[in-house]
Every structure is written in structure tokens, then in C-alpha cells.
Amino acid sequence: MSENPAKPAFGTALCALEEIANPGGKGFVFREGDALFSGFVLREGAEVRGYVDSCPHAGWPLASGPDRYLTRDNRFILCSGHGALFLKGTGECISGPCFGEHLTRWPVTVVRGIVRAG
Ligand code: FES
């Protein structure tokens, strides 16, 4: 399968680290022609982790509202579609209709306080 042309290039600045709730998440959408790329970044202190915003169950975006990727207690990633729960560290589904499947990683990094596609 070929790479999504809308996926931001390596090094593309996404936002300042401080713009992401701690702990929390932030969603990003990029468009290139007809192609669309949706991803989100989770923050825990100085650590960030990115995933493609597409649930392995039905391919829906996960958030129930702007940047609402986590459960109320911030322990898990929640898909608002049918309530699947995912581990923040690995993206593994531990409860729900896609049990055992994984979110797709979107590599991101922080360089001098700026979150970048990596
Ligand atoms: S689309 Fe995510 S649980 Fe169904």
C-alpha cells in the first residue's frame, strides 16, 4: 500500500508541546488534494506519542470532541465509536470490538519544545 500523500513530511512542525494538555492529546488533520491524514499526539510530561486517528474496529476517528482522546481518568485512549480502550504506550486495544488489535503508530518527536512529525 502506498503512503498517504497527505501525511506530513518528516520534521513538519505540528504545535508547541505546551499546547497539548498534560496529560492529554491533540488532533491534527492534513490535506493534500483529495487525500486526508488524521493523527493525534498524546503528551505525558515531556514525552509524546502519535497515532493515526483511525480505529482498527471500523476506521472511525476516535475522539468524542476536540482533542478528547483519553478516558476521563486519562489512563487509556478511548474510541468514542463503540467504546474501545487502548493502551497509551502501545496502542493495543484491551477492551472492545477490536480487542488485541493496535492503533497505527505515527512517529512524532519534540525538538526544543516543538512537536514535529518524525
Ligand atoms: S470504531 Fe472504534 S470501537 Fe468501533
# chains A, B, ... in the order shown; residues from 1 in each chain; ligands from 1

call {"tool": "residues_near_ligand", "arguments": {"ligand": "ligand 1", "cutoff": "12 Å", "atoms": "only C-alpha atoms and all ligand atoms", "output": "PyMOL selection string"}}
result
chain A and resi 53-64+69+77-86+93-99+101-103

call {"tool": "write_last_selection", "arguments": {"atoms": "C-alpha atoms", "output": "PDB file, in the first residue's frame"}}
result
ATOM      1  CA  ASP A  53      -6.653   8.774  14.136  1.00  0.00           C
ATOM      2  CA  SER A  54      -8.423   5.708  12.814  1.00  0.00           C
ATOM      3  CA  CYS A  55      -9.887   2.969  14.989  1.00  0.00           C
ATOM      4  CA  PRO A  56      -8.949  -0.583  13.916  1.00  0.00           C
ATOM      5  CA  HIS A  57     -12.575  -1.604  14.504  1.00  0.00           C
ATOM      6  CA  ALA A  58     -14.434   0.431  11.888  1.00  0.00           C
ATOM      7  CA  GLY A  59     -11.878   3.018  10.834  1.00  0.00           C
ATOM      8  CA  TRP A  60     -13.687   5.861  12.552  1.00  0.00           C
ATOM      9  CA  PRO A  61     -11.853   8.785  14.134  1.00  0.00           C
ATOM     10  CA  LEU A  62     -11.545   8.215  17.866  1.00  0.00           C
ATOM     11  CA  ALA A  63     -12.305  11.488  19.634  1.00  0.00           C
ATOM     12  CA  SER A  64     -15.729  12.359  21.025  1.00  0.00           C
ATOM     13  CA  TYR A  69      -8.733  11.083  23.037  1.00  0.00           C
ATOM     14  CA  ILE A  77      -7.172   6.017  24.795  1.00  0.00           C
ATOM     15  CA  LEU A  78     -10.914   5.811  24.163  1.00  0.00           C
ATOM     16  CA  CYS A  79     -12.661   5.345  20.840  1.00  0.00           C
ATOM     17  CA  SER A  80     -15.978   7.108  21.071  1.00  0.00           C
ATOM     18  CA  GLY A  81     -17.377   4.965  18.237  1.00  0.00           C
ATOM     19  CA  HIS A  82     -18.065   1.783  20.214  1.00  0.00           C
ATOM     20  CA  GLY A  83     -16.074   2.340  23.387  1.00  0.00           C
ATOM     21  CA  ALA A  84     -12.838   0.515  22.610  1.00  0.00           C
ATOM     22  CA  LEU A  85      -9.987   1.169  25.060  1.00  0.00           C
ATOM     23  CA  PHE A  86      -6.329   1.257  24.017  1.00  0.00           C
ATOM     24  CA  CYS A  93      -6.845  -2.495  22.215  1.00  0.00           C
ATOM     25  CA  ILE A  94      -7.516  -4.053  25.611  1.00  0.00           C
ATOM     26  CA  SER A  95     -11.308  -3.800  25.597  1.00  0.00           C
ATOM     27  CA  GLY A  96     -13.899  -3.506  22.875  1.00  0.00           C
ATOM     28  CA  PRO A  97     -14.705  -4.893  19.447  1.00  0.00           C
ATOM     29  CA  CYS A  98     -11.117  -4.701  18.155  1.00  0.00           C
ATOM     30  CA  PHE A  99      -9.576  -6.431  21.187  1.00  0.00           C
ATOM     31  CA  GLU A 101      -5.571  -5.074  17.507  1.00  0.00           C
ATOM     32  CA  HIS A 102      -3.431  -1.934  17.501  1.00  0.00           C
ATOM     33  CA  LEU A 103      -3.705   1.692  16.532  1.00  0.00           C
TER      34      LEU A 103
END

call {"tool": "closest_residue", "arguments": {"among": "A:Leu14, A:Ala21, A:Ala6, A:Leu42", "to": "A:Arg105", "atoms": "only C-alpha atoms"}}
result
A:Leu42

call {"tool": "closest_residue", "arguments": {"among": "A:Phe76, A:Leu87, A:Ser2, A:Val52", "to": "A:Gly100", "atoms": "only C-alpha atoms"}}
result
A:Leu87

call {"tool": "residues_around", "arguments": {"residues": "A:Asn22", "least_positions_apart": "6", "cutoff": "7 Å", "atoms": "only C-alpha atoms", "output": "list in words"}}
result
Arg43, Glu44 and Gly45 of chain A

call {"tool": "select_by_dssp", "arguments": {"residues": "chain A", "states": "strand (DSSP E or B)", "output": "ChimeraX atom specification"}}
result
/A:13-16,24-32,35-44,47-52,70,76-78,85-87,92-95,102,105,108-111,114-117

call {"tool": "write_last_selection", "arguments": {"atoms": "N, CA and C atoms", "output": "short mmCIF file (atom, residue, chain, number, x, y, z; two decimals), in the first residue's frame"}}
result
data_model
loop_
_atom_site.label_atom_id
_atom_site.label_comp_id
_atom_site.auth_asym_id
_atom_site.auth_seq_id
_atom_site.Cartn_x
_atom_site.Cartn_y
_atom_site.Cartn_z
N ALA A 13 6.54 20.84 11.59
CA ALA A 13 6.14 21.32 12.92
C ALA A 13 4.63 21.15 13.09
N LEU A 14 4.24 20.57 14.21
CA LEU A 14 2.81 20.33 14.48
C LEU A 14 2.25 21.36 15.46
N CYS A 15 2.93 21.57 16.56
CA CYS A 15 2.50 22.54 17.56
C CYS A 15 3.58 22.63 18.63
N ALA A 16 3.42 23.57 19.54
CA ALA A 16 4.31 23.62 20.70
C ALA A 16 3.87 22.54 21.69
N GLY A 24 -2.73 14.59 28.11
CA GLY A 24 -3.83 14.87 27.19
C GLY A 24 -3.41 14.57 25.77
N GLY A 25 -4.22 15.03 24.84
CA GLY A 25 -3.95 14.74 23.44
C GLY A 25 -4.38 15.89 22.56
N LYS A 26 -3.90 15.85 21.33
CA LYS A 26 -4.26 16.89 20.37
C LYS A 26 -4.33 16.25 18.98
N GLY A 27 -5.38 16.59 18.27
CA GLY A 27 -5.59 16.02 16.94
C GLY A 27 -5.08 16.94 15.84
N PHE A 28 -4.68 16.33 14.73
CA PHE A 28 -4.16 17.08 13.58
C PHE A 28 -4.75 16.49 12.30
N VAL A 29 -5.09 17.36 11.37
CA VAL A 29 -5.60 16.91 10.07
C VAL A 29 -4.81 17.62 8.98
N PHE A 30 -4.34 16.85 8.01
CA PHE A 30 -3.61 17.40 6.88
C PHE A 30 -4.30 16.95 5.60
N ARG A 31 -4.34 17.86 4.64
CA ARG A 31 -4.98 17.54 3.37
C ARG A 31 -3.99 17.79 2.22
N GLU A 32 -4.02 16.90 1.25
CA GLU A 32 -3.21 17.07 0.03
C GLU A 32 -4.09 16.60 -1.12
N ALA A 35 -6.57 13.61 -0.72
CA ALA A 35 -6.10 12.77 0.39
C ALA A 35 -6.17 13.52 1.71
N LEU A 36 -6.50 12.77 2.76
CA LEU A 36 -6.64 13.33 4.10
C LEU A 36 -5.82 12.47 5.06
N PHE A 37 -5.08 13.10 5.94
CA PHE A 37 -4.39 12.37 7.01
C PHE A 37 -4.83 12.94 8.34
N SER A 38 -5.29 12.07 9.23
CA SER A 38 -5.68 12.49 10.58
C SER A 38 -4.84 11.73 11.59
N GLY A 39 -4.25 12.46 12.49
CA GLY A 39 -3.45 11.82 13.53
C GLY A 39 -3.64 12.56 14.83
N PHE A 40 -3.20 11.94 15.91
CA PHE A 40 -3.23 12.63 17.19
C PHE A 40 -1.97 12.33 17.98
N VAL A 41 -1.65 13.29 18.84
CA VAL A 41 -0.44 13.19 19.66
C VAL A 41 -0.86 13.20 21.11
N LEU A 42 -0.35 12.25 21.89
CA LEU A 42 -0.58 12.22 23.32
C LEU A 42 0.65 12.77 24.03
N ARG A 43 0.40 13.47 25.12
CA ARG A 43 1.51 14.02 25.91
C ARG A 43 1.44 13.50 27.34
N GLU A 44 2.62 13.21 27.86
CA GLU A 44 2.76 12.85 29.27
C GLU A 44 4.07 13.51 29.72
N GLU A 47 7.11 13.70 27.29
CA GLU A 47 7.02 12.60 26.34
C GLU A 47 5.81 12.77 25.42
N VAL A 48 6.00 12.47 24.15
CA VAL A 48 4.88 12.48 23.22
C VAL A 48 4.84 11.17 22.45
N ARG A 49 3.64 10.83 21.98
CA ARG A 49 3.45 9.60 21.23
C ARG A 49 2.33 9.88 20.24
N GLY A 50 2.50 9.45 19.01
CA GLY A 50 1.49 9.75 18.00
C GLY A 50 0.86 8.50 17.42
N TYR A 51 -0.40 8.63 17.07
CA TYR A 51 -1.12 7.55 16.39
C TYR A 51 -1.96 8.13 15.27
N VAL A 52 -2.19 7.31 14.26
CA VAL A 52 -3.13 7.66 13.21
C VAL A 52 -4.52 7.64 13.82
N LEU A 70 -8.66 10.67 25.42
CA LEU A 70 -8.43 9.83 26.60
C LEU A 70 -9.70 9.63 27.41
N PHE A 76 -6.43 5.64 29.60
CA PHE A 76 -6.49 4.90 28.34
C PHE A 76 -6.93 5.82 27.20
N ILE A 77 -6.61 5.38 25.98
CA ILE A 77 -7.17 6.02 24.80
C ILE A 77 -8.57 5.42 24.61
N LEU A 78 -9.53 6.27 24.33
CA LEU A 78 -10.91 5.81 24.16
C LEU A 78 -11.39 6.10 22.75
N LEU A 85 -11.05 0.57 24.25
CA LEU A 85 -9.99 1.17 25.06
C LEU A 85 -8.64 0.68 24.56
N PHE A 86 -7.66 1.58 24.52
CA PHE A 86 -6.33 1.26 24.02
C PHE A 86 -5.28 1.70 25.03
N LEU A 87 -4.20 0.95 25.12
CA LEU A 87 -3.07 1.36 25.95
C LEU A 87 -2.39 2.56 25.31
N GLU A 92 -2.38 -0.79 21.86
CA GLU A 92 -3.09 -2.07 21.82
C GLU A 92 -4.49 -1.93 22.40
N CYS A 93 -5.46 -2.50 21.71
CA CYS A 93 -6.84 -2.49 22.21
C CYS A 93 -6.97 -3.56 23.30
N ILE A 94 -7.40 -3.12 24.49
CA ILE A 94 -7.52 -4.05 25.61
C ILE A 94 -8.97 -4.30 25.98
N SER A 95 -9.88 -3.60 25.33
CA SER A 95 -11.31 -3.80 25.60
C SER A 95 -12.09 -3.24 24.42
N HIS A 102 -4.20 -3.11 17.11
CA HIS A 102 -3.43 -1.93 17.50
C HIS A 102 -3.78 -0.72 16.65
N ARG A 105 0.91 3.48 14.62
CA ARG A 105 1.82 4.50 15.11
C ARG A 105 2.01 5.63 14.10
N VAL A 108 6.32 10.81 16.12
CA VAL A 108 6.45 12.24 16.39
C VAL A 108 7.60 12.43 17.38
N THR A 109 8.12 13.63 17.42
CA THR A 109 9.23 13.90 18.31
C THR A 109 9.12 15.34 18.80
N VAL A 110 9.84 15.65 19.87
CA VAL A 110 9.87 17.03 20.38
C VAL A 110 11.29 17.55 20.23
N VAL A 111 11.41 18.67 19.54
CA VAL A 111 12.72 19.32 19.37
C VAL A 111 12.58 20.76 19.87
N ILE A 114 9.07 22.04 20.39
CA ILE A 114 8.14 21.96 19.28
C ILE A 114 7.92 20.49 18.91
N VAL A 115 6.65 20.11 18.80
CA VAL A 115 6.32 18.74 18.39
C VAL A 115 6.38 18.67 16.87
N ARG A 116 7.12 17.69 16.39
CA ARG A 116 7.30 17.55 14.95
C ARG A 116 6.98 16.14 14.49
N ALA A 117 6.48 16.02 13.25
CA ALA A 117 6.31 14.71 12.66
C ALA A 117 7.69 14.11 12.50
#

call {"tool": "closest_residue", "arguments": {"among": "A:Pro23, A:Gly113, A:Phe10, A:Gly118", "to": "A:Arg68", "atoms": "only C-alpha atoms"}}
result
A:Pro23

call {"tool": "closest_residue", "arguments": {"among": "A:Ala46, A:Gly89, A:Asp34, A:Asn74", "to": "A:Glu18", "atoms": "only C-alpha atoms"}}
result
A:Ala46

call {"tool": "atom_distance", "arguments": {"atom1": "atom CA of A:Lys7", "atom2": "atom CA of A:Pro107"}}
result
11.1 Å

call {"tool": "closest_residue", "arguments": {"among": "A:Trp106, A:Arg75, A:Gly33, A:Asp67", "to": "A:Ile20", "atoms": "only C-alpha atoms"}}
result
A:Asp67
